[in-house]
Each structure stands twice: as C-alpha cells, then as structure tokens.
Amino acid sequence: MSVDKKNLPSRHVTMGPERAPHRSYYYAMGLTKAQIKQPLVGVVTTWNEAAPCNIALGRQAQVAKKGVSAANGTPREFTTITVTDGIAMGHQGMKSSLVSREVIADSVELTVRGHCYDALVGLAGCDKSLPGLMMAMVRLNIPSVFMYGGSILPGKYQGKDVTVVDVFEGVGRYAAGSMSAQELEALEEVACPSAGSCGGQFTANTMACVSEAIGLALPGSAGAPAPYECRDQYAFESGRAVMELLKLGIRPRDIVTRKALENAAAVVAATGGSTNGALHLPAIAHECGIDFDLHEVGRIFRQTPYIADLKPGGKYVAKDMYEVGGVQIVMRELLEGGFLHGDCMTVTGKTMAENLKHVAFPEDQDVIYPVKKPISSTGGVVTLKGKLAPEGCIVKIAGMKNLQHTGPARCFDCEEDAFAAVEKKQYKAGDVIVIRYEGPKGGPGMREMLSTTAALYGQGVGDQVALITDGRFSGGTRGFCVGHVGPEAAVGGPIALLEDGDSITLDAEAGTIHVELSDAELETRRKRWQPRQTDYQSGTLWKYAQTVSSAEKGAVTHPGGQAETKGYWNS
C-alpha cells in the first residue's frame, strides 16, 4: 500500500510546479521521479571514528535504507555528532558529554525540519546518542523507529571476561601497587576487542534496553552485539517498520506515554542499569509534555525487583543476556509479576503484551532471575532525598552489600582535585568524598566521575569510602556513589555549604541523605557563600549553562512539549 503525500511534510519540497527547483536537487542525487513522489524517510546515525561504539552504524544504516526502499519509501541518510564518554572521561572533555545529548536532538530536529522528512529511523551507539535520538523522535513526533548499534564483545584477560571498566579500575590498582605497568598494558590491549558500545549494563546498554521497553525499537533489536550479522536483519526490518507506522499513522507520542515511561524505568531498575537513566527518561518525557521527573523515576525504581545479574554490580555482560533471550526475558518476567504495563503501543503496531506473548523464560541459566526469586526486591538503582539534597539524588545499589554509610565530608570543588587526592591516597576509610561545582550549570556539563570511582575500587577501598557529587557517574560506576545531588553547588544548594569534617549519613534503604548541621548553621553558611564563575564564558558550554534545568528535571534546555503550540507535522 502506498502512502498519499498530500498531508505529509515532504509535500513542501516535492509537490507542485513551484517546487521544481527543490526536485532538481533530488534529480542531481540520482533519484527517480517515482522515488521523489514517495515519502522521504530520514535515516540518521551517530557514525564516526571517535570510538568503537559508532563504527558499525554506517553499515547498519545502509541496510535500514534498503528496508525503507523495500516498503516504498525513499531513504535520506544523514549523520550527527557523538561525544564518547570513555575517551572524554577524567578530563575537561567530559563537560561536552551531556551537552552532546541536546546537540544531537537539536541537530536531528533541524535536519528533519529543514528538509521536510516524513519519518525517521535512528541508529545510535554511544551513551548520550541513544536518548538524544529518542528525544528528537518524540519532539518531532513523526513515525520513528530507533535501533541500537549493538554492544562490544567482552575482552578476555587472565581467563575472565573484562570490559573497559576493568581498565579504569586497573589504573587504581596500578596506583595502589597491586598491578604492574606491564599488566595494565596487557589489560588495555584486550579489554575492547570489537566494534560496539561498552559491554556491561552501563549507560549505552541501559538505554538500549529502554528503547525496547519504551516501545520505540523492534523487539530483540537491542540485544545482539555489534559485530553480529543478525543486526543487519534488524536494521532492514526497522526500515520496513517505519513505513508501516507511516501507513498506520502511529507516531512516537502514541507510544511514549506515562505508562511506557514507567515500563522503561522498571527495566532500568530490574537490570541494575545506569543512574543516567534518571536523567534521560525525564528528558524524553519532557519532549512529550509529560512531567516525569527524578522522583517519579525513583518511585518505579524502588518498587521494581532487581533480576538481571549484569556488570558492574553483577557477573555478566550484554552478550550473555542476549544469549539467554535478551531484555525481552526481563520484560516478560516483569509483565508476569505485574511490574510492567502490557497495554502500551509499540513500533510493531502491537502492544507490549502482544510482543511478549510467545517469550519463554529460559531455564538452566543465572543471568536473569525469576521475579519470584529476585536478586533483591528493590531495583538496582534508587533515589535519595533529604537535607543535603532537597531535589533528590541517585545511587546504583546493584552489587552493594552495605546500604548505609556515615562519615566525615572530604570536600573538593572539581573532579581533578578529587582524583589527585585519591591517587595519593589522601583520604581515610569511612570518608565521604564530596565533588561539587560539577552540576549541569556549574560544570558546566555535569561530568561523570568514573575515573575517580574506579580508582577507589582499584585501590581496594570501594566499599569503605562513599562519594557524593552534583555531577554524574558512569553506568560503569559501582560502590556507594551518589550523583545528581540537587540543588547543585553552582546555585547555592546545600552541597556548596559543606565543610571538611561535616558528618554525612547516606541510607539507600530508607532513601535519605542527611548532614548533621542545624538549619541555623546552614543559613549562616549560605549568607557567606559566593557564587562562582566558571572558566567557560563563551561558546557552547556557556550557552548550555544559561538554559539548562536541574538534574531533577532531566537537565533539559527548552520548555518542552507542554509549551508547544504547533507541531512539526502540522507546519
């Protein structure tokens, strides 16, 4: 069945005598008259040579285009940026990471608007590129299908599966004298053996699971590692599927509802996923005009059982979960247990329950546990709130044995100073390391702290020292590491008022974060506090700092769907 273009956006660039100049450009690129008359489908990837996360996306895009063409659409390929966290980590480059999410969404919006594309297939690899593309899809609200580029294969070192996080922790082991320079070099050479995104349940794989749970990706498409040829079939079917959505009139906001967001949050919790999910889900919701903030995400996290034993808190990597049936097994268990809404629409044109109807739980494996016998009854990620974080904060508890910690503050005003102190072991067991002025505005850019947290684990004190920050953590972080503390230091939040020695109590069971200071003492310190100027007084990071919201709301930079008066489709 063909699609009538008279009500599609591409009519503005392909129909009528006045569009002859526009059509001449398409003829210049080798399109036929028949192709110009078909719907124009953007096929966007975040392909680049910055990191292995992205290098398989170009190949997959070519196959997705074939799927579009086979279903009587005309694919138009384009690319957008990524900033790769693993390479940006531990230096000023990490300030660019979260900002790139907005740039990705904005650049896709501009490309689609400028060229009047009717539908979108998006393929992504690195952490922020997944939510960035999904945000663009729901912002534009044109028929869209998301596809993950796939995870990296696990490396092998001394007979064990390893990931890049083992290398980050190896840096700490080297500093502690428990790993030689030769051993560290041998580890770094084998940890990342193929194309694909980081192999544990870090941010990329977490958001890949979200893409299926939220309904924007074809069932099963999140699982296969990047080198596997079967990914090409998913790419082809994604191209076909977007044309079917166009015919059926199903658009992203029909799919990404409050219930779908709750499903996505449940899957993050059940897999012990990245704390960054609590930034990205509110941001995706914001594009739809749905208020789904950190506290809403935290409510779902706390009531969802943790059932997938994945790194960094567990034993297995993404490839292992794929081999036992993938995230569909997790979703099937959650649905059976009453933790998932089965009536949500998906890009298959069917509901979540219909998609999962024939999924069977695999026996004789311990990657995914039954809901009735979970690893823990509370999700692998939880939120905290209290005097030190009135807007809330978040911690990954997957794999943690001790869920309470009380200790004296050891304060640092940037990550570099904290990392230098950790390298020199200038801390004591029981300390609460505080890294502030690293929030969305104060960074600017809300850096991840994997270098510091991994160094602590590498030194063997990951379970003896806590860390809190108004910045973020990598999905690869483990231990009592509390991020997204809000209000952030840059706007005078309580974290800015801490001094060395202040007693801080963290309780992940009760969901609280407290500092032993009276309200009067906090007010006295607040009067002394002076705002700080960052070193970024021009350029993209300055511009980001002027508009970015708090982490509580997803660190978003525009009014969102609630303020929309005329959507792209109706332009």
# chains A, B, ... in the order shown; residues from 1 in each chain; ligands from 1
$ residues_around --residues "Pro440 in chain A" --least-positions-apart "2" --cutoff "7 Å" --atoms "only C-alpha atoms" --output "NGL selection string"
:A and (438 or 442-446 or 545 or 548 or 550 or 555)
$ write_last_selection --atoms "N, CA and C atoms" --output "short mmCIF file (atom, residue, chain, number, x, y, z; two decimals), in the first residue's frame"
data_model
loop_
_atom_site.label_atom_id
_atom_site.label_comp_id
_atom_site.auth_asym_id
_atom_site.auth_seq_id
_atom_site.Cartn_x
_atom_site.Cartn_y
_atom_site.Cartn_z
N GLU A 438 30.17 20.59 39.81
CA GLU A 438 30.23 19.77 38.59
C GLU A 438 28.83 19.47 38.06
N GLY A 442 27.03 24.31 36.86
CA GLY A 442 28.31 24.60 37.49
C GLY A 442 29.49 23.99 36.82
N GLY A 443 29.28 22.91 36.08
CA GLY A 443 30.40 22.26 35.40
C GLY A 443 31.13 23.17 34.42
N PRO A 444 30.43 23.74 33.42
CA PRO A 444 29.10 23.28 33.03
C PRO A 444 29.18 21.91 32.38
N GLY A 445 28.05 21.20 32.35
CA GLY A 445 28.00 19.96 31.61
C GLY A 445 27.86 18.70 32.42
N MET A 446 27.93 18.77 33.75
CA MET A 446 27.62 17.64 34.62
C MET A 446 28.47 16.41 34.28
N ALA A 545 24.91 26.39 29.84
CA ALA A 545 24.74 26.77 31.24
C ALA A 545 23.64 27.81 31.42
N VAL A 548 20.12 25.37 30.90
CA VAL A 548 19.89 24.01 31.40
C VAL A 548 19.14 24.02 32.73
N SER A 550 17.65 21.77 36.21
CA SER A 550 18.28 20.94 37.23
C SER A 550 18.26 19.47 36.79
N ALA A 555 17.90 17.78 33.27
CA ALA A 555 18.91 18.66 32.66
C ALA A 555 18.52 19.01 31.22
#
$ residues_around --residues "range 158-160 of chain A" --least-positions-apart "3" --cutoff "10 Å" --atoms "only C-alpha atoms" --output "CSV table (one decimal) with C-alpha atoms, in the first residue's frame"
chain,number,residue,atom,x,y,z
A,154,PRO,CA,33.8,-8.9,26.1
A,155,GLY,CA,37.5,-8.9,26.3
A,186,ALA,CA,48.2,-6.1,28.6
A,187,LEU,CA,44.7,-5.5,30.0
$ residues_around --residues "Ala260 in chain A" --least-positions-apart "4" --cutoff "8 Å" --atoms "only C-alpha atoms" --output "mmCIF file with N, CA and C atoms, in the first residue's frame"
data_model
loop_
_atom_site.group_PDB
_atom_site.id
_atom_site.type_symbol
_atom_site.label_atom_id
_atom_site.label_comp_id
_atom_site.auth_asym_id
_atom_site.auth_seq_id
_atom_site.Cartn_x
_atom_site.Cartn_y
_atom_site.Cartn_z
ATOM 1 N N ALA A 213 11.823 -1.262 25.901
ATOM 2 C CA ALA A 213 10.823 -1.170 26.964
ATOM 3 C C ALA A 213 9.867 -0.013 26.751
ATOM 4 N N ILE A 214 10.350 1.056 26.155
ATOM 5 C CA ILE A 214 9.511 2.237 25.937
ATOM 6 C C ILE A 214 8.699 2.108 24.654
ATOM 7 N N GLY A 215 9.065 1.120 23.819
ATOM 8 C CA GLY A 215 8.286 0.813 22.623
ATOM 9 C C GLY A 215 8.773 1.407 21.330
ATOM 10 N N ILE A 255 3.147 6.235 21.426
ATOM 11 C CA ILE A 255 3.903 5.133 22.024
ATOM 12 C C ILE A 255 4.489 5.530 23.374
ATOM 13 N N VAL A 256 5.135 6.691 23.418
ATOM 14 C CA VAL A 256 5.811 7.137 24.646
ATOM 15 C C VAL A 256 4.805 7.873 25.527
ATOM 16 N N ALA A 264 9.857 1.700 31.044
ATOM 17 C CA ALA A 264 11.288 1.929 30.821
ATOM 18 C C ALA A 264 12.039 2.030 32.140
ATOM 19 N N HIS A 341 3.369 -2.498 32.286
ATOM 20 C CA HIS A 341 2.080 -2.263 31.641
ATOM 21 C C HIS A 341 2.076 -2.964 30.284
ATOM 22 N N CYS A 344 0.652 -1.018 26.458
ATOM 23 C CA CYS A 344 1.318 0.093 25.762
ATOM 24 C C CYS A 344 1.564 -0.258 24.292
#
$ residues_around --residues "Asp85 in chain A" --least-positions-apart "2" --cutoff "8 Å" --atoms "only C-alpha atoms" --output "list of chain:residue names"
A:Val83, A:Ile87, A:Ala88, A:Met89, A:Met94, A:Ser97, A:Cys126, A:Asp127
$ atom_distance --atom1 "CA of His91 in chain A" --atom2 "CA of Val432 in chain A"
21.9 Å
$ residues_around --residues "Pro305 in chain A" --least-positions-apart "2" --cutoff "12 Å" --atoms "only C-alpha atoms" --output "NGL selection string"
:A and (265-272 or 300-303 or 307-309 or 330-331 or 333-335 or 337-340 or 368-382 or 398)
$ atom_distance --atom1 "CA of Thr32 in chain A" --atom2 "CA of Gly73 in chain A"
12.3 Å
$ residues_around --residues "Cys288 in chain A" --least-positions-apart "2" --cutoff "12 Å" --atoms "only C-alpha atoms" --output "VMD selection string"
chain A and resid 134 to 141 251 to 258 260 to 261 281 to 286 290 to 292 559 to 564 567
$ atom_distance --atom1 "CA of Tyr457 in chain A" --atom2 "CA of Gly471 in chain A"
19.0 Å
$ residues_around --residues "Gly125 in chain A" --least-positions-apart "3" --cutoff "10 Å" --atoms "only C-alpha atoms" --output "list in words"
Thr45, Thr46, Trp47, Ala51, Pro52, Cys53, Asn54, Ile55, Ala56, Leu57, Thr82, Thr84, Lys128, Ser129, Leu130, Met147, Tyr148, Gly149, Gly150, Ser151, Ala195, Gly196, Ser197, Cys198, Ala204, Asn205, Met207, Ala208 and Ala226 of chain A
$ write_last_selection --atoms "N, CA, C and O atoms" --output "mmCIF file, in the first residue's frame"
data_model
loop_
_atom_site.group_PDB
_atom_site.id
_atom_site.type_symbol
_atom_site.label_atom_id
_atom_site.label_comp_id
_atom_site.auth_asym_id
_atom_site.auth_seq_id
_atom_site.Cartn_x
_atom_site.Cartn_y
_atom_site.Cartn_z
ATOM 1 N N THR A 45 22.287 8.406 11.731
ATOM 2 C CA THR A 45 23.175 7.654 12.604
ATOM 3 C C THR A 45 24.129 8.612 13.299
ATOM 4 O O THR A 45 24.305 9.765 12.880
ATOM 5 N N THR A 46 24.746 8.084 14.343
ATOM 6 C CA THR A 46 25.805 8.821 15.023
ATOM 7 C C THR A 46 27.153 8.187 14.672
ATOM 8 O O THR A 46 28.053 8.126 15.503
ATOM 9 N N TRP A 47 27.268 7.738 13.411
ATOM 10 C CA TRP A 47 28.519 7.127 12.957
ATOM 11 C C TRP A 47 29.675 8.126 13.051
ATOM 12 O O TRP A 47 29.544 9.296 12.673
ATOM 13 N N ALA A 51 35.110 6.349 18.468
ATOM 14 C CA ALA A 51 35.184 5.211 19.388
ATOM 15 C C ALA A 51 34.530 3.993 18.746
ATOM 16 O O ALA A 51 33.780 4.122 17.778
ATOM 17 N N PRO A 52 34.781 2.800 19.283
ATOM 18 C CA PRO A 52 34.187 1.591 18.702
ATOM 19 C C PRO A 52 32.673 1.551 18.774
ATOM 20 O O PRO A 52 32.039 0.814 18.016
ATOM 21 N N CYS A 53 32.089 2.344 19.669
ATOM 22 C CA CYS A 53 30.623 2.386 19.816
ATOM 23 C C CYS A 53 29.910 2.679 18.498
ATOM 24 O O CYS A 53 28.792 2.228 18.272
ATOM 25 N N ASN A 54 30.551 3.464 17.635
ATOM 26 C CA ASN A 54 29.858 4.041 16.486
ATOM 27 C C ASN A 54 30.251 3.465 15.130
ATOM 28 O O ASN A 54 29.588 3.717 14.131
ATOM 29 N N ILE A 55 31.329 2.701 15.075
ATOM 30 C CA ILE A 55 31.901 2.382 13.767
ATOM 31 C C ILE A 55 31.103 1.351 12.978
ATOM 32 O O ILE A 55 31.329 1.185 11.778
ATOM 33 N N ALA A 56 30.167 0.651 13.621
ATOM 34 C CA ALA A 56 29.324 -0.296 12.885
ATOM 35 C C ALA A 56 28.038 0.342 12.369
ATOM 36 O O ALA A 56 27.281 -0.292 11.627
ATOM 37 N N LEU A 57 27.787 1.582 12.724
ATOM 38 C CA LEU A 57 26.498 2.198 12.411
ATOM 39 C C LEU A 57 26.333 2.508 10.927
ATOM 40 O O LEU A 57 25.219 2.453 10.400
ATOM 41 N N THR A 82 28.568 12.555 18.068
ATOM 42 C CA THR A 82 28.571 11.943 19.394
ATOM 43 C C THR A 82 29.817 12.432 20.134
ATOM 44 O O THR A 82 30.801 12.818 19.511
ATOM 45 N N THR A 84 32.122 10.595 22.994
ATOM 46 C CA THR A 84 32.269 9.259 23.569
ATOM 47 C C THR A 84 32.822 9.344 24.986
ATOM 48 O O THR A 84 33.955 9.790 25.198
ATOM 49 N N LYS A 128 25.077 9.062 25.155
ATOM 50 C CA LYS A 128 24.123 10.160 25.029
ATOM 51 C C LYS A 128 23.415 10.172 23.683
ATOM 52 O O LYS A 128 22.410 10.855 23.508
ATOM 53 N N SER A 129 23.955 9.409 22.726
ATOM 54 C CA SER A 129 23.328 9.401 21.406
ATOM 55 C C SER A 129 22.009 8.641 21.409
ATOM 56 O O SER A 129 21.108 8.949 20.634
ATOM 57 N N LEU A 130 21.865 7.664 22.290
ATOM 58 C CA LEU A 130 20.602 6.929 22.345
ATOM 59 C C LEU A 130 19.457 7.818 22.823
ATOM 60 O O LEU A 130 18.462 7.975 22.103
ATOM 61 N N MET A 147 17.027 2.169 16.641
ATOM 62 C CA MET A 147 17.785 0.918 16.690
ATOM 63 C C MET A 147 19.165 1.160 17.296
ATOM 64 O O MET A 147 19.870 2.072 16.895
ATOM 65 N N TYR A 148 19.498 0.326 18.250
ATOM 66 C CA TYR A 148 20.812 0.348 18.885
ATOM 67 C C TYR A 148 21.827 -0.309 17.962
ATOM 68 O O TYR A 148 21.532 -1.319 17.312
ATOM 69 N N GLY A 149 23.041 0.227 17.935
ATOM 70 C CA GLY A 149 24.082 -0.338 17.089
ATOM 71 C C GLY A 149 24.706 -1.602 17.624
ATOM 72 O O GLY A 149 25.404 -2.314 16.895
ATOM 73 N N GLY A 150 24.470 -1.922 18.900
ATOM 74 C CA GLY A 150 24.977 -3.161 19.475
ATOM 75 C C GLY A 150 26.147 -2.961 20.411
ATOM 76 O O GLY A 150 26.913 -2.003 20.299
ATOM 77 N N SER A 151 26.302 -3.906 21.334
ATOM 78 C CA SER A 151 27.370 -3.805 22.324
ATOM 79 C C SER A 151 28.657 -4.426 21.795
ATOM 80 O O SER A 151 28.669 -5.183 20.829
ATOM 81 N N ALA A 195 34.003 -3.788 17.467
ATOM 82 C CA ALA A 195 33.087 -2.653 17.389
ATOM 83 C C ALA A 195 31.980 -2.835 18.430
ATOM 84 O O ALA A 195 31.683 -3.947 18.862
ATOM 85 N N GLY A 196 31.370 -1.737 18.827
ATOM 86 C CA GLY A 196 30.236 -1.796 19.736
ATOM 87 C C GLY A 196 30.429 -0.964 20.979
ATOM 88 O O GLY A 196 31.530 -0.532 21.310
ATOM 89 N N SER A 197 29.335 -0.738 21.685
ATOM 90 C CA SER A 197 29.343 0.071 22.904
ATOM 91 C C SER A 197 29.752 -0.766 24.101
ATOM 92 O O SER A 197 29.695 -1.994 24.068
ATOM 93 N N CYS A 198 30.156 -0.089 25.179
ATOM 94 C CA CYS A 198 30.679 -0.770 26.368
ATOM 95 C C CYS A 198 29.776 -1.928 26.786
ATOM 96 O O CYS A 198 28.549 -1.795 26.815
ATOM 97 N N ALA A 204 24.956 2.937 27.740
ATOM 98 C CA ALA A 204 24.513 2.583 26.385
ATOM 99 C C ALA A 204 23.589 1.375 26.405
ATOM 100 O O ALA A 204 22.495 1.401 25.819
ATOM 101 N N ASN A 205 23.989 0.296 27.074
ATOM 102 C CA ASN A 205 23.132 -0.882 27.117
ATOM 103 C C ASN A 205 21.873 -0.653 27.939
ATOM 104 O O ASN A 205 20.818 -1.225 27.648
ATOM 105 N N MET A 207 20.199 2.220 28.047
ATOM 106 C CA MET A 207 19.272 2.948 27.183
ATOM 107 C C MET A 207 18.842 2.113 25.975
ATOM 108 O O MET A 207 17.769 2.334 25.410
ATOM 109 N N ALA A 208 19.655 1.136 25.582
ATOM 110 C CA ALA A 208 19.229 0.191 24.550
ATOM 111 C C ALA A 208 18.047 -0.629 25.061
ATOM 112 O O ALA A 208 17.056 -0.838 24.340
ATOM 113 N N ALA A 226 27.402 -5.759 18.339
ATOM 114 C CA ALA A 226 27.592 -5.013 17.088
ATOM 115 C C ALA A 226 28.179 -5.849 15.956
ATOM 116 O O ALA A 226 27.771 -5.685 14.803
#
$ select_by_dssp --residues "range 41-212 of chain A" --states "strand (DSSP E or B)" --output "number ranges by chain"
A: 41-45, 74-79, 119-124, 144-148, 151, 155-157, 160-162, 197
$ write_last_selection --atoms "N, CA, C and O atoms" --output "compact mmCIF listing (two decimals), in the first residue's frame"
# COMPACT_ATOMS: atom_id res chain seq x y z
N VAL A 41 12.19 9.50 4.03
CA VAL A 41 12.46 8.97 5.37
C VAL A 41 13.91 9.27 5.75
O VAL A 41 14.85 8.80 5.10
N GLY A 42 14.10 10.06 6.80
CA GLY A 42 15.44 10.31 7.31
C GLY A 42 16.00 9.07 7.98
O GLY A 42 15.30 8.42 8.77
N VAL A 43 17.22 8.70 7.63
CA VAL A 43 17.93 7.61 8.30
C VAL A 43 19.17 8.24 8.93
O VAL A 43 20.15 8.53 8.25
N VAL A 44 19.09 8.47 10.24
CA VAL A 44 20.15 9.20 10.93
C VAL A 44 20.98 8.25 11.77
O VAL A 44 20.45 7.37 12.44
N THR A 45 22.29 8.41 11.73
CA THR A 45 23.18 7.65 12.60
C THR A 45 24.13 8.61 13.30
O THR A 45 24.30 9.76 12.88
N THR A 74 11.53 6.50 0.41
CA THR A 74 12.79 6.98 -0.14
C THR A 74 13.68 7.43 1.02
O THR A 74 13.43 8.46 1.65
N PRO A 75 14.71 6.64 1.33
CA PRO A 75 15.56 6.97 2.48
C PRO A 75 16.53 8.10 2.16
O PRO A 75 17.08 8.16 1.06
N ARG A 76 16.77 8.97 3.14
CA ARG A 76 17.75 10.04 3.02
C ARG A 76 18.65 9.98 4.24
O ARG A 76 18.25 10.31 5.35
N GLU A 77 19.86 9.55 4.04
CA GLU A 77 20.79 9.33 5.15
C GLU A 77 21.46 10.63 5.58
O GLU A 77 21.84 11.45 4.75
N PHE A 78 21.60 10.78 6.90
CA PHE A 78 22.42 11.87 7.44
C PHE A 78 23.02 11.43 8.76
O PHE A 78 22.62 10.42 9.33
N THR A 79 24.00 12.15 9.22
CA THR A 79 24.68 11.80 10.47
C THR A 79 24.65 12.99 11.43
O THR A 79 24.43 14.14 11.02
N ALA A 119 9.37 10.69 8.08
CA ALA A 119 9.56 9.65 9.09
C ALA A 119 11.05 9.55 9.39
O ALA A 119 11.87 10.17 8.70
N LEU A 120 11.38 8.76 10.41
CA LEU A 120 12.76 8.73 10.87
C LEU A 120 13.13 7.35 11.37
O LEU A 120 12.39 6.72 12.14
N VAL A 121 14.29 6.86 10.92
CA VAL A 121 14.94 5.70 11.53
C VAL A 121 16.24 6.20 12.13
O VAL A 121 17.02 6.88 11.45
N GLY A 122 16.47 5.92 13.42
CA GLY A 122 17.67 6.42 14.10
C GLY A 122 18.51 5.29 14.66
O GLY A 122 17.97 4.40 15.33
N LEU A 123 19.80 5.31 14.37
CA LEU A 123 20.73 4.28 14.86
C LEU A 123 21.82 4.95 15.69
O LEU A 123 22.47 5.91 15.22
N ALA A 124 22.04 4.45 16.91
CA ALA A 124 22.97 5.11 17.81
C ALA A 124 23.80 4.08 18.58
O ALA A 124 23.41 2.92 18.72
N SER A 144 8.60 6.95 13.75
CA SER A 144 10.02 6.75 14.03
C SER A 144 10.29 5.36 14.59
O SER A 144 9.48 4.82 15.34
N VAL A 145 11.45 4.82 14.24
CA VAL A 145 11.93 3.57 14.82
C VAL A 145 13.38 3.78 15.23
O VAL A 145 14.19 4.26 14.44
N PHE A 146 13.68 3.42 16.46
CA PHE A 146 15.04 3.53 16.98
C PHE A 146 15.72 2.16 16.89
O PHE A 146 15.08 1.13 17.07
N MET A 147 17.03 2.17 16.64
CA MET A 147 17.79 0.92 16.69
C MET A 147 19.16 1.16 17.30
O MET A 147 19.87 2.07 16.89
N TYR A 148 19.50 0.33 18.25
CA TYR A 148 20.81 0.35 18.89
C TYR A 148 21.83 -0.31 17.96
O TYR A 148 21.53 -1.32 17.31
N SER A 151 26.30 -3.91 21.33
CA SER A 151 27.37 -3.80 22.32
C SER A 151 28.66 -4.43 21.80
O SER A 151 28.67 -5.18 20.83
N GLY A 155 36.14 -8.55 26.41
CA GLY A 155 37.54 -8.92 26.28
C GLY A 155 37.87 -10.08 27.20
O GLY A 155 37.06 -10.45 28.06
N LYS A 156 39.02 -10.68 27.00
CA LYS A 156 39.46 -11.77 27.86
C LYS A 156 40.82 -11.42 28.45
O LYS A 156 41.76 -11.07 27.72
N TYR A 157 40.92 -11.49 29.78
CA TYR A 157 42.19 -11.22 30.45
C TYR A 157 42.33 -12.22 31.59
O TYR A 157 41.45 -12.31 32.45
N LYS A 160 39.27 -14.38 32.26
CA LYS A 160 38.00 -13.78 32.68
C LYS A 160 37.51 -12.76 31.64
O LYS A 160 38.32 -12.12 30.97
N ASP A 161 36.17 -12.62 31.55
CA ASP A 161 35.60 -11.56 30.73
C ASP A 161 35.93 -10.21 31.35
O ASP A 161 35.79 -10.03 32.58
N VAL A 162 36.34 -9.25 30.54
CA VAL A 162 36.64 -7.91 31.03
C VAL A 162 35.99 -6.86 30.12
O VAL A 162 35.65 -7.14 28.97
N SER A 197 29.33 -0.74 21.68
CA SER A 197 29.34 0.07 22.90
C SER A 197 29.75 -0.77 24.10
O SER A 197 29.69 -1.99 24.07
$ select_by_dssp --residues "range 194-377 of chain A" --states "helix (DSSP H, G or I)" --output "PyMOL selection string"
chain A and resi 203-213+230-248+252-255+258-270+277-288+294-303+318-323+327-336+352-355
$ closest_residue --among "A:Asn263, A:Ser221, A:Thr351, A:Thr203" --to "Thr477 in chain A" --atoms "only C-alpha atoms"
A:Thr203
$ closest_residue --among "A:Pro362, A:Pro131, A:Pro408, A:Pro531" --to "Asn276 in chain A" --atoms "only C-alpha atoms"
A:Pro131
$ closest_residue --among "A:Gly430, A:Gly239, A:Gly511, A:Gly458" --to "Ala175 in chain A" --atoms "only C-alpha atoms"
A:Gly458
$ closest_atom_pairs --of "range 274-330 of chain A" --to "range 388-393 of chain A" --cutoff "10 Å" --atoms "only C-alpha atoms" --output "CSV"
residue,atom,partner,partner_atom,distance
A:Thr275,CA,A:Cys393,CA,9.7
A:Ala278,CA,A:Cys393,CA,9.4
A:Leu294,CA,A:Gly392,CA,7.4
A:His295,CA,A:Gly392,CA,7.4
A:Gly298,CA,A:Cys393,CA,9.4
$ write_last_selection --atoms "all heavy atoms" --output "JSON list (two decimals), in the first residue's frame"
[["chain", "number", "residue", "atom", "x", "y", "z"],
["A", 275, "THR", "N", 22.66, 4.96, 36.39],
["A", 275, "THR", "CA", 21.98, 6.08, 37.04],
["A", 275, "THR", "C", 21.63, 7.17, 36.04],
["A", 275, "THR", "O", 20.73, 7.98, 36.29],
["A", 275, "THR", "CB", 22.87, 6.67, 38.15],
["A", 275, "THR", "OG1", 24.15, 7.00, 37.62],
["A", 275, "THR", "CG2", 23.03, 5.70, 39.30],
["A", 278, "ALA", "N", 18.03, 8.05, 34.99],
["A", 278, "ALA", "CA", 17.20, 9.00, 35.72],
["A", 278, "ALA", "C", 17.32, 10.43, 35.19],
["A", 278, "ALA", "O", 16.55, 11.31, 35.59],
["A", 278, "ALA", "CB", 17.54, 8.97, 37.21],
["A", 294, "LEU", "N", 12.81, 13.04, 38.39],
["A", 294, "LEU", "CA", 13.65, 12.12, 39.14],
["A", 294, "LEU", "C", 12.85, 11.35, 40.18],
["A", 294, "LEU", "O", 13.06, 10.15, 40.40],
["A", 294, "LEU", "CB", 14.79, 12.89, 39.81],
["A", 294, "LEU", "CG", 15.68, 12.13, 40.78],
["A", 294, "LEU", "CD1", 16.51, 11.10, 40.04],
["A", 294, "LEU", "CD2", 16.60, 13.09, 41.54],
["A", 295, "HIS", "N", 11.89, 12.01, 40.83],
["A", 295, "HIS", "CA", 11.15, 11.37, 41.90],
["A", 295, "HIS", "C", 10.16, 10.34, 41.36],
["A", 295, "HIS", "O", 9.95, 9.29, 41.98],
["A", 295, "HIS", "CB", 10.43, 12.43, 42.73],
["A", 295, "HIS", "CG", 11.34, 13.54, 43.16],
["A", 295, "HIS", "ND1", 12.37, 13.34, 44.04],
["A", 295, "HIS", "CD2", 11.41, 14.85, 42.78],
["A", 295, "HIS", "CE1", 13.03, 14.48, 44.22],
["A", 295, "HIS", "NE2", 12.47, 15.40, 43.45],
["A", 298, "GLY", "N", 12.31, 7.45, 40.50],
["A", 298, "GLY", "CA", 12.72, 6.79, 41.74],
["A", 298, "GLY", "C", 11.62, 5.94, 42.35],
["A", 298, "GLY", "O", 11.90, 4.88, 42.93]]
